[in-house]
Amino acid sequence: MTALTTSAARRRPAARRNVGPQIFLALLVIYFLIPLWWMVINSSKSAAGLFGGTGAMWFARDIDYLGNLQDLFTYDGGIYLHWLGNSALYAIAGGVGSTVIAVLAGYGFAKFAFRGRNLSFALLLGSVMVPLTALVIPTFILFANLHLTDTIWAVILPSLLNPFGVYLMRVYAGDAVSDELLDAARVDGAGEVRTFLQVALPLMRPAVVTVLLLSMVATWNNFFLPLAMLSDNGLFPVTVGLGLWQSLASANNGGGHSLWSLIVIGSLVSIIPLVIAFLSLQRYWQGGLSIGSLK
Amino acid sequence: MTSASAIATSRSRRASRPPLSAGQRAAQRRKAFTGWMFIAPFGVVFLLFLVAPLLYAFGLSLFTKGLATGTQFAWFANYAAAFTDPSFLRGVVFVVTFSLVLIPIQMFLSLAIALVLDAVTTRFARFSRLVIFLPYAIPAVIGAIMWGFLYSPTFGPLGQVFGLFGGHAPFLLDGDHVFGGLINVVTWQWAGYYMIIIYAALQGIDPTIYEAAKIDGAGPLQVAFRIKVPLVTNALLLILVFALIGTLQFFTEPAVLRPVSNGGITADFTPNLYSYTTAFSYAQFNYASAISFALGIVVFVCVYVFLFITRKRGSFLS
């Protein structure tokens, strides 16, 4: 009884002290949710409801998610589904590929002494500073000469470059993988490949998940690279596809009404996979994101 | 003479370190080889998709192409043209001004949120952390499209709010307001990501420091500003550099919002947009390469000036 009252008495001032910060957070939550709220509400509207409806932040009279979804997936021979598939392909191929490369290189830099290591790593750090979008047009010109533009490789291959991922993996492998453990495995007769796969890799798992998630998101969200590289709209990822619809819809004001409602529900559908991925993997990336900043 | 000194140095080196047997030396060589093998795939990607495009485009940028004259080697004529081209210079001034306004706002906001989330541990605070981070998972294209709708004076919420009072909403993408309108879009998109990085760094601080500070009579605000902020300086510098590099290359949001901006966003609004237009609308690839390179030079200079100013506090590169 006494224990209960004292703990309640102790809790109350603490709770009161938190009121100010919590109001601050509540205002921010509202601000950050406004566009998402708008998108969820307006995905239910027809073009007429979108432009003439009662209010932008609330449902129109008829709520028609299913009808809009059906429109979205059947418009132009179901091209939206193609775009989603392309995005998934680019994100998985680019994300997995660049992560594998970054893990190998990070481990190599962290655990092997050799001549030229410091110079190569300094070059790599310098390249983190190279503006990657300034590379897009040069890469486009190079690929055009090799007849590689307008193919899936034009998006996947440049996405394999992830110097910051290598930097994160080196920092993490340096801390998490001990030399003694590696030497013990070698003394026991494990080859270098086996030592890496069975001893080092499991220890690096949190950083691997983080780098994988970050590079998949970067590829999924990429706009400039596929926009420059691709002109066949059957190869577009969903970001470039929605951008195309947006410019088509604004080019013929009035005539393009049906596209506007497709853009809204198309945006909503396209963010669902990433939102789910982030929410379900949060315990990995929240820890992993601190790797680069603590050093 | 030289061989004698070489022997002397090699002898002195041997004196400090025990001589390696042939087997040890072979093991060392094998280890170096294995190290290179692990790095090789990245090395290939680095050469093919970073070094090669850079060299090739640099080569292209040294030529000019005219209808009458054909393609001619012109040394740095394209760069001279770029750095005196009002379109390019206006774009550079815009992105630099934009960075100077945007980055302090973003940093202040994300630091404030991270400090609050580090101090308040209620369930609502955990929920807020996820919501504030959520825009990072949303492609910039879609963020821009959504804000474009919200800004619309005829059917967006702003128009309806102003309509209640009989007024007209400002259009946040026209020439007078586009700066603020874009600041809002980018802050919404990135503040949560920066917040999470600072928050992760705050969580890494050893909590016994706070106990010691409390015993010394420090209040929560003093703990926040005297202990927490200085200890996450590295995280702050890291995201400052990233924000600077990203903002100077500003492309996606203006590119997506251009069609709905009624002329508020022009084709030369940012250097990257200008380079894109030059390459794909006018097919002037030589000049577009020069603009890309010139932008790269601007980014390099800005980042190194920044790292130089902050060098005393240490940076993630050192």
# chains A, B, ... in the order shown; residues from 1 in each chain; ligands from 1
>>> closest_atom_pairs(of="range 118-226 of chain A", to="range 297-310 of chain B", cutoff="10 Å", atoms="only C-alpha atoms", output="CSV")
residue,atom,partner,partner_atom,distance
A:Gly126,CA,B:Phe300,CA,9.8
A:Met129,CA,B:Phe300,CA,7.0
A:Val130,CA,B:Phe300,CA,7.3
A:Pro131,CA,B:Val299,CA,7.0
A:Ala134,CA,B:Val299,CA,9.8
>>> select_by_dssp(residues="range 151-274 of chain B", states="alpha helix (DSSP H)", output="ChimeraX atom specification")
/B:151,157-164,178-203,208-215,220-222,229-231,233-248,252-257,271-274
>>> interface_residues(of="chain A", to="chain B", cutoff="6 Å", atoms="only C-alpha atoms", output="CSV table (one decimal) with N, CA and C atoms, in the first residue's frame")
chain,number,residue,atom,x,y,z
A,29,VAL,N,4.1,15.2,-34.8
A,29,VAL,CA,3.4,14.0,-35.4
A,29,VAL,C,2.4,14.4,-36.4
A,32,PHE,N,4.1,15.7,-39.6
A,32,PHE,CA,4.7,14.7,-40.4
A,32,PHE,C,3.6,13.7,-41.0
A,51,PHE,N,-11.1,17.1,-57.0
A,51,PHE,CA,-11.0,18.5,-57.3
A,51,PHE,C,-12.2,19.4,-56.9
A,56,ALA,N,-10.3,18.9,-48.7
A,56,ALA,CA,-9.2,18.1,-49.1
A,56,ALA,C,-8.8,17.1,-48.0
A,101,ILE,N,29.1,-6.7,-52.2
A,101,ILE,CA,30.4,-6.0,-52.5
A,101,ILE,C,30.9,-5.2,-51.3
A,104,LEU,N,32.2,-7.6,-48.4
A,104,LEU,CA,33.5,-8.2,-48.8
A,104,LEU,C,34.6,-7.1,-48.6
A,105,ALA,N,34.4,-5.9,-49.2
A,105,ALA,CA,35.4,-4.9,-49.2
A,105,ALA,C,35.7,-4.4,-47.8
A,108,GLY,N,37.7,-6.9,-46.0
A,108,GLY,CA,39.1,-6.9,-46.5
A,108,GLY,C,39.9,-5.7,-45.9
A,112,PHE,N,42.8,-7.2,-43.1
A,112,PHE,CA,44.0,-7.7,-43.8
A,112,PHE,C,44.9,-6.5,-43.9
A,114,PHE,N,47.9,-4.9,-45.9
A,114,PHE,CA,48.7,-5.0,-47.2
A,114,PHE,C,49.1,-3.7,-47.7
A,134,ALA,N,25.9,14.1,-59.8
A,134,ALA,CA,26.7,14.7,-60.9
A,134,ALA,C,27.3,13.7,-61.8
A,138,PRO,N,27.5,11.9,-66.8
A,138,PRO,CA,28.6,11.2,-67.4
A,138,PRO,C,28.4,9.7,-67.6
A,139,THR,N,27.8,9.0,-66.6
A,139,THR,CA,27.5,7.6,-66.7
A,139,THR,C,26.6,7.3,-67.9
A,158,PRO,N,25.1,0.8,-62.1
A,158,PRO,CA,25.6,2.0,-61.3
A,158,PRO,C,25.2,1.9,-59.8
A,221,ASN,N,14.1,4.4,-54.2
A,221,ASN,CA,13.7,5.8,-54.2
A,221,ASN,C,14.4,6.6,-55.3
A,247,SER,N,3.6,14.6,-65.0
A,247,SER,CA,3.9,15.7,-66.0
A,247,SER,C,2.8,15.6,-67.1
A,271,ILE,N,4.2,3.1,-51.6
A,271,ILE,CA,5.0,3.3,-50.4
A,271,ILE,C,4.8,2.2,-49.4
A,274,LEU,N,7.8,-0.4,-48.6
A,274,LEU,CA,8.9,0.2,-47.8
A,274,LEU,C,8.5,0.5,-46.4
A,289,LEU,N,22.2,2.3,-37.6
A,289,LEU,CA,22.5,3.7,-38.1
A,289,LEU,C,23.5,4.5,-37.3
A,290,SER,N,23.8,4.0,-36.0
A,290,SER,CA,24.7,4.7,-35.2
A,290,SER,C,26.1,4.4,-35.5
A,293,SER,N,28.2,7.2,-37.1
A,293,SER,CA,28.3,8.5,-36.3
A,293,SER,C,29.1,8.4,-35.0
>>> atom_distance(atom1="CA of Ala173 in chain A", atom2="CA of Leu203 in chain A")
8.1 Å
>>> atom_distance(atom1="CA of Leu259 in chain A", atom2="CA of Gly85 in chain A")
20.3 Å
>>> residues_around(residues="Ser159 in chain A", least_positions_apart="2", cutoff="10 Å", atoms="only C-alpha atoms", output="number ranges by chain")
A: 90-91, 93-95, 97-98, 153-157, 161-162, 215-216, 218-219, 222, 225; B: 45, 49
>>> atom_distance(atom1="CA of Leu213 in chain A", atom2="CA of Ile272 in chain A")
15.1 Å
>>> residues_around(residues="range 191-198 of chain A", least_positions_apart="5", cutoff="8 Å", atoms="only C-alpha atoms", output="list in words")
Leu182, Ala185 and Arg186 of chain A; Thr34 of chain B
>>> write_last_selection(atoms="C-alpha atoms", output="mmCIF file, in the first residue's frame")
data_model
loop_
_atom_site.group_PDB
_atom_site.id
_atom_site.type_symbol
_atom_site.label_atom_id
_atom_site.label_comp_id
_atom_site.auth_asym_id
_atom_site.auth_seq_id
_atom_site.Cartn_x
_atom_site.Cartn_y
_atom_site.Cartn_z
ATOM 1 C CA LEU A 182 39.934 -15.352 -37.023
ATOM 2 C CA ALA A 185 39.668 -20.502 -37.063
ATOM 3 C CA ARG A 186 42.709 -20.481 -39.377
ATOM 4 C CA THR B 34 43.562 -12.509 -49.777
#
>>> residues_around(residues="Ser231 in chain A", least_positions_apart="3", cutoff="10 Å", atoms="only C-alpha atoms", output="list in words")
Thr149, Asp150, Thr151, Pro226, Leu227, Ala228, Gly234, Leu235 and Phe236 of chain A
>>> write_last_selection(atoms="C-alpha atoms", output="PDB file, in the first residue's frame")
ATOM      1  CA  THR A 149      21.013   2.640 -71.941  1.00  0.00           C
ATOM      2  CA  ASP A 150      17.373   1.599 -71.950  1.00  0.00           C
ATOM      3  CA  THR A 151      18.201  -1.793 -70.429  1.00  0.00           C
ATOM      4  CA  PRO A 226      16.497   5.797 -64.125  1.00  0.00           C
ATOM      5  CA  LEU A 227      14.997   9.024 -65.476  1.00  0.00           C
ATOM      6  CA  ALA A 228      18.181   9.698 -67.415  1.00  0.00           C
ATOM      7  CA  GLY A 234       7.971  -0.554 -69.773  1.00  0.00           C
ATOM      8  CA  LEU A 235      11.330  -0.471 -67.917  1.00  0.00           C
ATOM      9  CA  PHE A 236      10.498   2.454 -65.595  1.00  0.00           C
TER      10      PHE A 236
END
>>> select_by_dssp(residues="range 21-189 of chain B", states="strand (DSSP E or B)", output="VMD selection string")
chain B and resid 63 to 66 70 to 73
>>> closest_residue(among="A:Leu148, A:Leu201, A:Val209, A:Leu142", to="Val96 in chain A", atoms="only C-alpha atoms")
A:Val209
